[in-house]
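Shown next: structure-v1.pdb, containing PDB, C-alpha atoms.
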ATOM      1  CA  MET A  50      48.906 -44.220  62.123
ATOM      2  CA  ARG A  51      46.171 -46.702  62.996
ATOM      3  CA  ALA A  52      42.765 -45.251  62.268
ATOM      4  CA  PHE A  53      39.069 -46.064  62.252
ATOM      5  CA  ILE A  54      35.759 -44.324  61.631
ATOM      6  CA  GLY A  55      33.099 -44.509  64.304
ATOM      7  CA  ILE A  56      30.177 -42.956  66.058
ATOM      8  CA  ASP A  57      31.357 -41.039  69.100
ATOM      9  CA  LEU A  58      29.021 -41.470  72.054
ATOM     10  CA  ASP A  59      27.840 -38.621  74.210
ATOM     11  CA  GLU A  60      28.664 -38.428  77.910
ATOM     12  CA  ALA A  61      25.271 -39.782  78.999
ATOM     13  CA  ALA A  62      25.584 -42.862  76.785
ATOM     14  CA  ARG A  63      29.109 -43.512  78.065
ATOM     15  CA  HIS A  64      27.905 -43.190  81.652
ATOM     16  CA  GLU A  65      25.117 -45.727  81.004
ATOM     17  CA  LEU A  66      27.549 -48.194  79.424
ATOM     18  CA  LEU A  67      29.974 -47.801  82.339
ATOM     19  CA  ALA A  68      27.129 -48.502  84.783
ATOM     20  CA  LEU A  69      26.247 -51.623  82.802
ATOM     21  CA  GLY A  70      29.896 -52.712  83.026
ATOM     22  CA  GLU A  71      29.866 -52.177  86.794
ATOM     23  CA  SER A  72      26.751 -54.368  87.035
ATOM     24  CA  VAL A  73      28.450 -57.098  85.013
ATOM     25  CA  ARG A  74      31.597 -57.022  87.152
ATOM     26  CA  ALA A  75      29.492 -57.255  90.333
ATOM     27  CA  ALA A  76      27.332 -60.107  88.998
ATOM     28  CA  VAL A  77      30.052 -62.094  87.180
ATOM     29  CA  PRO A  78      33.309 -61.825  89.150
ATOM     30  CA  SER A  79      35.228 -63.960  86.634
ATOM     31  CA  TRP A  80      34.985 -61.039  84.155
ATOM     32  CA  ARG A  81      36.232 -58.327  86.561
ATOM     33  CA  ASP A  82      39.889 -58.410  85.509
ATOM     34  CA  GLU A  83      39.349 -58.547  81.762
ATOM     35  CA  LYS A  84      40.196 -55.620  79.444
ATOM     36  CA  TRP A  85      37.284 -53.220  79.948
ATOM     37  CA  VAL A  86      37.092 -50.326  77.494
ATOM     38  CA  ALA A  87      37.867 -46.976  79.142
ATOM     39  CA  ALA A  88      35.024 -44.452  79.280
ATOM     40  CA  GLN A  89      36.651 -42.032  76.828
ATOM     41  CA  ASN A  90      37.174 -44.867  74.310
ATOM     42  CA  LEU A  91      33.583 -46.146  74.149
ATOM     43  CA  HIS A  92      32.314 -45.762  70.585
ATOM     44  CA  LEU A  93      30.496 -47.608  67.831
ATOM     45  CA  THR A  94      33.002 -48.613  65.140
ATOM     46  CA  LEU A  95      31.788 -48.164  61.595
ATOM     47  CA  ARG A  96      34.963 -49.014  59.721
ATOM     48  CA  PHE A  97      38.470 -50.009  60.792
ATOM     49  CA  LEU A  98      40.978 -48.444  58.386
ATOM     50  CA  GLY A  99      44.215 -49.958  59.675
ATOM     51  CA  GLU A 100      47.505 -48.159  59.163
ATOM     52  CA  ILE A 101      47.188 -44.995  57.072
ATOM     53  CA  GLU A 102      49.595 -42.184  56.268
ATOM     54  CA  SER A 103      49.145 -39.003  58.324
ATOM     55  CA  ALA A 104      49.290 -37.015  55.080
ATOM     56  CA  SER A 105      46.093 -38.714  53.898
ATOM     57  CA  ILE A 106      43.996 -37.501  56.858
ATOM     58  CA  ASP A 107      42.916 -34.183  55.313
ATOM     59  CA  PRO A 108      42.123 -35.612  51.860
ATOM     60  CA  LEU A 109      40.286 -38.543  53.475
ATOM     61  CA  SER A 110      38.279 -36.190  55.724
ATOM     62  CA  GLN A 111      37.401 -34.007  52.726
ATOM     63  CA  ALA A 112      36.308 -37.027  50.670
ATOM     64  CA  LEU A 113      34.127 -38.318  53.509
ATOM     65  CA  THR A 114      32.636 -34.858  54.085
ATOM     66  CA  ALA A 115      31.713 -34.600  50.399
ATOM     67  CA  GLN A 116      30.294 -38.123  50.392
ATOM     68  CA  LEU A 117      28.310 -37.821  53.649
ATOM     69  CA  SER A 118      27.134 -34.185  53.633
ATOM     70  CA  GLU A 119      23.737 -35.220  52.269
ATOM     71  CA  TYR A 120      23.487 -38.505  54.169
ATOM     72  CA  PRO A 121      20.577 -38.083  56.611
ATOM     73  CA  ALA A 122      21.136 -38.237  60.366
ATOM     74  CA  PHE A 123      19.346 -41.145  62.040
ATOM     75  CA  GLU A 124      18.728 -43.032  65.291
ATOM     76  CA  LEU A 125      19.840 -46.494  66.356
ATOM     77  CA  SER A 126      17.827 -48.468  68.894
ATOM     78  CA  CYS A 127      19.391 -50.639  71.561
ATOM     79  CA  LEU A 128      18.657 -54.229  70.563
ATOM     80  CA  ASP A 129      20.627 -56.241  73.093
ATOM     81  CA  PRO A 130      22.209 -54.433  76.049
ATOM     82  CA  LEU A 131      24.583 -57.328  76.659
ATOM     83  CA  GLU A 132      25.665 -59.902  74.105
ATOM     84  CA  ALA A 133      28.471 -62.440  74.530
ATOM     85  CA  VAL A 134      30.465 -62.744  71.289
ATOM     86  CA  PRO A 135      30.792 -65.143  69.565
ATOM     87  CA  GLY A 136      28.577 -66.937  72.113
ATOM     88  CA  PRO A 137      27.963 -67.421  75.831
ATOM     89  CA  GLN A 138      30.008 -70.630  76.133
ATOM     90  CA  ARG A 139      33.219 -69.248  74.581
ATOM     91  CA  ALA A 140      32.924 -65.466  74.753
ATOM     92  CA  ARG A 141      35.810 -63.257  73.616
ATOM     93  CA  MET A 142      34.025 -59.987  74.275
ATOM     94  CA  LEU A 143      30.797 -58.450  75.512
ATOM     95  CA  TRP A 144      28.880 -56.035  73.296
ATOM     96  CA  THR A 145      25.908 -53.763  73.425
ATOM     97  CA  ARG A 146      24.277 -54.286  70.034
ATOM     98  CA  TYR A 147      22.054 -51.792  68.224
ATOM     99  CA  ASP A 148      19.174 -52.503  65.881
ATOM    100  CA  ASP A 149      19.403 -51.173  62.334
ATOM    101  CA  PRO A 150      16.023 -52.269  60.881
ATOM    102  CA  GLU A 151      16.075 -49.747  58.030
ATOM    103  CA  GLU A 152      19.792 -50.449  57.451
ATOM    104  CA  ARG A 153      20.674 -46.759  57.743
ATOM    105  CA  CYS A 154      23.893 -47.551  59.577
ATOM    106  CA  SER A 155      24.764 -50.366  57.172
ATOM    107  CA  ARG A 156      24.093 -48.072  54.192
ATOM    108  CA  LEU A 157      26.255 -45.388  55.826
ATOM    109  CA  VAL A 158      29.138 -47.875  55.967
ATOM    110  CA  ARG A 159      28.617 -48.842  52.309
ATOM    111  CA  THR A 160      28.514 -45.149  51.348
ATOM    112  CA  MET A 161      31.785 -44.516  53.195
ATOM    113  CA  ASP A 162      33.334 -47.529  51.480
ATOM    114  CA  GLU A 163      32.891 -45.739  48.137
ATOM    115  CA  SER A 164      35.124 -42.892  49.358
ATOM    116  CA  LEU A 165      37.609 -45.233  51.027
ATOM    117  CA  LEU A 166      38.259 -47.180  47.815
ATOM    118  CA  ALA A 167      39.976 -44.102  46.370
ATOM    119  CA  PHE A 168      42.479 -44.401  49.253
ATOM    120  CA  GLY A 169      43.128 -48.082  48.633
ATOM    121  CA  ILE A 170      40.988 -49.188  51.585
ATOM    122  CA  LEU A 171      38.906 -52.193  50.607
ATOM    123  CA  PRO A 172      35.464 -52.951  52.081
ATOM    124  CA  GLU A 173      35.247 -55.371  55.005
ATOM    125  CA  ALA A 174      34.506 -58.966  54.052
ATOM    126  CA  ARG A 175      32.459 -59.681  57.170
ATOM    127  CA  PRO A 176      28.959 -58.263  57.627
ATOM    128  CA  PHE A 177      28.614 -55.028  59.578
ATOM    129  CA  VAL A 178      26.986 -55.298  63.028
ATOM    130  CA  PRO A 179      26.371 -51.999  64.878
ATOM    131  CA  HIS A 180      27.703 -52.479  68.404
ATOM    132  CA  VAL A 181      29.773 -50.983  71.197
ATOM    133  CA  THR A 182      32.426 -53.251  72.696
ATOM    134  CA  LEU A 183      32.423 -53.111  76.490
ATOM    135  CA  VAL A 184      35.153 -55.641  77.313
ATOM    136  CA  ARG A 185      37.598 -57.991  75.600
ATOM    137  CA  ALA A 186      38.567 -61.233  77.328
ATOM    138  CA  ARG A 187      42.222 -62.228  77.468
ATOM    139  CA  ARG A 188      41.106 -65.734  76.538
ATOM    140  CA  THR A 189      37.726 -67.210  75.645
ATOM    141  CA  ARG A 190      35.567 -67.839  78.660
ATOM    142  CA  PRO A 191      31.931 -68.593  79.489
ATOM    143  CA  PHE A 192      29.579 -65.723  80.170
ATOM    144  CA  PRO A 193      26.443 -66.871  82.012
ATOM    145  CA  ASN A 194      24.533 -63.546  81.588
ATOM    146  CA  PRO A 195      22.870 -63.784  85.001
ATOM    147  CA  GLU A 196      19.197 -63.028  85.403
ATOM    148  CA  GLY A 197      18.365 -59.724  86.984
ATOM    149  CA  LEU A 198      21.313 -57.936  85.407
ATOM    150  CA  SER A 199      19.629 -54.599  84.948
ATOM    151  CA  SER A 200      20.250 -52.240  82.120
ATOM    152  CA  THR A 201      19.359 -48.573  82.110
ATOM    153  CA  LEU A 202      20.481 -47.950  78.540
ATOM    154  CA  ARG A 203      18.578 -45.369  76.571
ATOM    155  CA  GLU A 204      16.463 -46.778  73.821
ATOM    156  CA  THR A 205      18.220 -44.843  71.053
ATOM    157  CA  VAL A 206      21.548 -43.341  70.049
ATOM    158  CA  SER A 207      21.431 -40.292  67.777
ATOM    159  CA  VAL A 208      23.802 -40.453  64.829
ATOM    160  CA  ARG A 209      24.429 -36.855  63.736
ATOM    161  CA  GLU A 210      28.080 -37.208  62.701
ATOM    162  CA  VAL A 211      30.836 -39.731  62.236
ATOM    163  CA  THR A 212      34.299 -39.349  63.699
ATOM    164  CA  LEU A 213      37.676 -40.253  62.253
ATOM    165  CA  PHE A 214      39.764 -41.592  65.141
ATOM    166  CA  SER A 215      43.454 -42.345  65.430
ATOM    167  CA  SER A 216      44.481 -45.155  67.746
ATOM    168  CA  VAL A 217      47.788 -45.234  69.605
ATOM    169  CA  LEU A 218      48.550 -48.374  71.601
ATOM    170  CA  GLY A 219      50.045 -47.703  75.016
ATOM    171  CA  ARG A 220      50.991 -49.757  78.043
ATOM    172  CA  SER A 221      47.605 -49.231  79.666
ATOM    173  CA  GLY A 222      45.657 -49.811  76.451
ATOM    174  CA  PRO A 223      44.760 -47.790  73.386
ATOM    175  CA  ASN A 224      44.333 -44.016  73.335
ATOM    176  CA  TYR A 225      41.875 -42.702  70.784
ATOM    177  CA  ASP A 226      42.222 -39.207  69.364
ATOM    178  CA  ARG A 227      39.340 -37.569  67.511
ATOM    179  CA  VAL A 228      41.049 -36.419  64.309
ATOM    180  CA  ALA A 229      38.031 -35.207  62.314
ATOM    181  CA  ARG A 230      34.283 -34.987  62.705
ATOM    182  CA  ILE A 231      32.070 -35.323  59.641
ATOM    183  CA  ALA A 232      28.512 -33.995  60.025
ATOM    184  CA  LEU A 233      25.546 -35.772  58.506
ATOM    185  CA  ASP A 234      22.582 -33.930  56.971
ATOM    186  CA  MET A 235      20.296 -32.665  59.739
ATOM    187  CA  ARG A 236      17.409 -31.599  57.465
TER
END

What is this structure when it is put down as structure tokens?
Amino acid sequence: MRAFIGIDLDEAARHELLALGESVRAAVPSWRDEKWVAAQNLHLTLRFLGEIESASIDPLSQALTAQLSEYPAFELSCLDPLEAVPGPQRARMLWTRYDDPEERCSRLVRTMDESLLAFGILPEARPFVPHVTLVRARRTRPFPNPEGLSSTLRETVSVREVTLFSSVLGRSGPNYDRVARIALDMR
């Protein structure tokens, strides 16, 4: 199955991101019909795992639990409520990016990578950027980011656990199933 590890967002955060998406669609009609992420699928991806065997889910969850049980919970601050990626002239997607000034999220990913190596999953080559994808464009297109586009995003997202997700592609888009939740240290 296709799998990834991410930070599951609470209902309030999802609602805020959906409201931001509605504002974008109203302000920039050319983005209305792109592939907007469904509410239940909004998350912050930490590590894409690709195709893994179903039999490895329990051992992988146990390894991550052992590795992360003493990793301290932390907060991420919203840095940029709306960022066109890779840039505003030829955007492929729109993100909400989070600030990681103490690199707690980046260190979390590196810590997980230690466990993942035992399962033959190599670290990502590209640098980690904490973000939530709101929409993917079918083709690159300009995103003008109009002035006055309001954002009511909370200033922080609490990271108390990470979630192992499975991803099943369907006709109407992907369906994400929460396979395991791994708690961080709340002390």

* Any chance you could resolve the PyMOL selection byres ((chain A and resi 83-91) around 12) against this file and give the residues as a ChimeraX atom specification? => /A:55-71,73-74,77-82,92-94,140-145,180-190,214-217,221-227

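Atom pair CA of Ala174 (chain A) / CA of Cys154 (chain A): separated by 16.5 Å.
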
* If you measure from CA of Pro191 (chain A) to CA of Leu131 (chain A), what distance in Å do you get, rounded to one decimal? -> 13.7 Å

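For the structure shown here, the set of residues caught by the PyMOL selection byres ((chain A and resi 115) around 12) is Pro108, Leu109, Ser110, Gln111, Ala112, Leu113, Thr114, Gln116, Leu117, Ser118, Glu119, Tyr120, Thr160, Met161, Glu163, Ser164, Ile231, Ala232, Leu233 and Asp234 of chain A.
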
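Candidate residues A:Thr205, A:Ser155, A:Ser105, A:Ser72 were compared for distance to Asp129 (chain A), and the nearest is A:Thr205, using all atoms listed in the file.
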
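You can rank A:Leu171, A:Val178, A:Asn194, A:Val206 by their closest distance to Ser126 (chain A) using only C-alpha atoms, and at the top of that list sits A:Val206.
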
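Checking A:Glu151, A:Leu213, A:Leu202, A:Cys127 one by one against Arg51 (chain A), counting only C-alpha atoms, you find the shortest gap at A:Leu213.
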
* Structure fact -> Of A:Val158, A:Ala52, A:Leu218, A:Ala75, the one sitting nearest Glu102 (chain A) when using all atoms listed in the file is A:Ala52

* Structure fact -> Judged by all atoms listed in the file, the minimum distance to Ile106 (chain A) among A:Leu165, A:Leu128, A:Glu210, A:Pro176 is found for A:Leu165

* Asked: What is the CA of Ala229 (chain A)-CA of Glu124 (chain A) distance in Å, reported with one decimal?
  -> 21.0 Å

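In this comparison, which uses only C-alpha atoms, the residue of A:Gly99, A:Pro193, A:Pro172, A:Pro179 approaching Leu125 (chain A) most closely is A:Pro179.
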
Residue completion, region 113-140 of chain A, N, CA and C atoms, as a PDB file, keeping the file's coordinate frame:
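Dumped everything to rebuild_16.pdb:
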ATOM      1  N   LEU A 113      35.256 -37.848  52.705  1.00  0.00           N
ATOM      2  CA  LEU A 113      34.127 -38.318  53.509  1.00  0.00           C
ATOM      3  C   LEU A 113      33.101 -37.210  53.706  1.00  0.00           C
ATOM      4  N   THR A 114      33.557 -35.984  53.924  1.00  0.00           N
ATOM      5  CA  THR A 114      32.636 -34.858  54.085  1.00  0.00           C
ATOM      6  C   THR A 114      31.799 -34.683  52.819  1.00  0.00           C
ATOM      7  N   ALA A 115      32.442 -34.737  51.668  1.00  0.00           N
ATOM      8  CA  ALA A 115      31.713 -34.600  50.399  1.00  0.00           C
ATOM      9  C   ALA A 115      30.719 -35.753  50.215  1.00  0.00           C
ATOM     10  N   GLN A 116      31.133 -36.943  50.577  1.00  0.00           N
ATOM     11  CA  GLN A 116      30.294 -38.123  50.392  1.00  0.00           C
ATOM     12  C   GLN A 116      29.119 -38.155  51.377  1.00  0.00           C
ATOM     13  N   LEU A 117      29.321 -37.664  52.602  1.00  0.00           N
ATOM     14  CA  LEU A 117      28.310 -37.821  53.649  1.00  0.00           C
ATOM     15  C   LEU A 117      27.497 -36.568  53.938  1.00  0.00           C
ATOM     16  N   SER A 118      27.819 -35.443  53.301  1.00  0.00           N
ATOM     17  CA  SER A 118      27.134 -34.185  53.633  1.00  0.00           C
ATOM     18  C   SER A 118      25.629 -34.245  53.405  1.00  0.00           C
ATOM     19  N   GLU A 119      25.172 -35.098  52.518  1.00  0.00           N
ATOM     20  CA  GLU A 119      23.737 -35.220  52.269  1.00  0.00           C
ATOM     21  C   GLU A 119      23.161 -36.510  52.833  1.00  0.00           C
ATOM     22  N   TYR A 120      23.996 -37.272  53.553  1.00  0.00           N
ATOM     23  CA  TYR A 120      23.487 -38.505  54.169  1.00  0.00           C
ATOM     24  C   TYR A 120      22.683 -38.110  55.406  1.00  0.00           C
ATOM     25  N   PRO A 121      21.419 -38.545  55.497  1.00  0.00           N
ATOM     26  CA  PRO A 121      20.577 -38.083  56.611  1.00  0.00           C
ATOM     27  C   PRO A 121      20.983 -38.658  57.968  1.00  0.00           C
ATOM     28  N   ALA A 122      20.927 -37.794  58.987  1.00  0.00           N
ATOM     29  CA  ALA A 122      21.136 -38.237  60.366  1.00  0.00           C
ATOM     30  C   ALA A 122      20.033 -39.243  60.712  1.00  0.00           C
ATOM     31  N   PHE A 123      20.307 -40.095  61.698  1.00  0.00           N
ATOM     32  CA  PHE A 123      19.346 -41.145  62.040  1.00  0.00           C
ATOM     33  C   PHE A 123      19.532 -41.581  63.492  1.00  0.00           C
ATOM     34  N   GLU A 124      18.686 -42.482  63.935  1.00  0.00           N
ATOM     35  CA  GLU A 124      18.728 -43.032  65.291  1.00  0.00           C
ATOM     36  C   GLU A 124      18.980 -44.538  65.196  1.00  0.00           C
ATOM     37  N   LEU A 125      19.686 -45.051  66.190  1.00  0.00           N
ATOM     38  CA  LEU A 125      19.840 -46.494  66.356  1.00  0.00           C
ATOM     39  C   LEU A 125      19.186 -46.876  67.672  1.00  0.00           C
ATOM     40  N   SER A 126      18.485 -47.990  67.684  1.00  0.00           N
ATOM     41  CA  SER A 126      17.827 -48.468  68.894  1.00  0.00           C
ATOM     42  C   SER A 126      18.643 -49.582  69.526  1.00  0.00           C
ATOM     43  N   CYS A 127      18.690 -49.578  70.847  1.00  0.00           N
ATOM     44  CA  CYS A 127      19.391 -50.639  71.561  1.00  0.00           C
ATOM     45  C   CYS A 127      18.617 -51.938  71.363  1.00  0.00           C
ATOM     46  N   LEU A 128      19.289 -52.941  70.825  1.00  0.00           N
ATOM     47  CA  LEU A 128      18.657 -54.229  70.563  1.00  0.00           C
ATOM     48  C   LEU A 128      18.944 -55.198  71.698  1.00  0.00           C
ATOM     49  N   ASP A 129      20.210 -55.288  72.069  1.00  0.00           N
ATOM     50  CA  ASP A 129      20.627 -56.241  73.093  1.00  0.00           C
ATOM     51  C   ASP A 129      21.652 -55.546  73.976  1.00  0.00           C
ATOM     52  N   PRO A 130      21.278 -55.180  75.211  1.00  0.00           N
ATOM     53  CA  PRO A 130      22.209 -54.433  76.049  1.00  0.00           C
ATOM     54  C   PRO A 130      23.463 -55.214  76.400  1.00  0.00           C
ATOM     55  N   LEU A 131      23.408 -56.539  76.307  1.00  0.00           N
ATOM     56  CA  LEU A 131      24.583 -57.328  76.659  1.00  0.00           C
ATOM     57  C   LEU A 131      24.594 -58.617  75.846  1.00  0.00           C
ATOM     58  N   GLU A 132      25.555 -58.727  74.961  1.00  0.00           N
ATOM     59  CA  GLU A 132      25.665 -59.902  74.105  1.00  0.00           C
ATOM     60  C   GLU A 132      27.076 -60.458  74.203  1.00  0.00           C
ATOM     61  N   ALA A 133      27.178 -61.754  74.490  1.00  0.00           N
ATOM     62  CA  ALA A 133      28.471 -62.440  74.530  1.00  0.00           C
ATOM     63  C   ALA A 133      28.833 -62.859  73.106  1.00  0.00           C
ATOM     64  N   VAL A 134      30.043 -62.498  72.666  1.00  0.00           N
ATOM     65  CA  VAL A 134      30.465 -62.744  71.289  1.00  0.00           C
ATOM     66  C   VAL A 134      31.707 -63.612  71.295  1.00  0.00           C
ATOM     67  N   PRO A 135      31.796 -64.690  70.521  1.00  0.00           N
ATOM     68  CA  PRO A 135      30.792 -65.143  69.565  1.00  0.00           C
ATOM     69  C   PRO A 135      29.618 -65.881  70.182  1.00  0.00           C
ATOM     70  N   GLY A 136      29.697 -66.277  71.457  1.00  0.00           N
ATOM     71  CA  GLY A 136      28.577 -66.937  72.113  1.00  0.00           C
ATOM     72  C   GLY A 136      28.843 -67.066  73.601  1.00  0.00           C
ATOM     73  N   PRO A 137      27.815 -67.403  74.378  1.00  0.00           N
ATOM     74  CA  PRO A 137      27.963 -67.421  75.831  1.00  0.00           C
ATOM     75  C   PRO A 137      28.904 -68.499  76.369  1.00  0.00           C
ATOM     76  N   GLN A 138      29.127 -69.571  75.638  1.00  0.00           N
ATOM     77  CA  GLN A 138      30.008 -70.630  76.133  1.00  0.00           C
ATOM     78  C   GLN A 138      31.487 -70.306  75.953  1.00  0.00           C
ATOM     79  N   ARG A 139      31.823 -69.573  74.885  1.00  0.00           N
ATOM     80  CA  ARG A 139      33.219 -69.248  74.581  1.00  0.00           C
ATOM     81  C   ARG A 139      33.325 -67.781  74.161  1.00  0.00           C
ATOM     82  N   ALA A 140      32.956 -66.899  75.065  1.00  0.00           N
ATOM     83  CA  ALA A 140      32.924 -65.466  74.753  1.00  0.00           C
ATOM     84  C   ALA A 140      34.335 -64.879  74.708  1.00  0.00           C
TER      85      ALA A 140
END
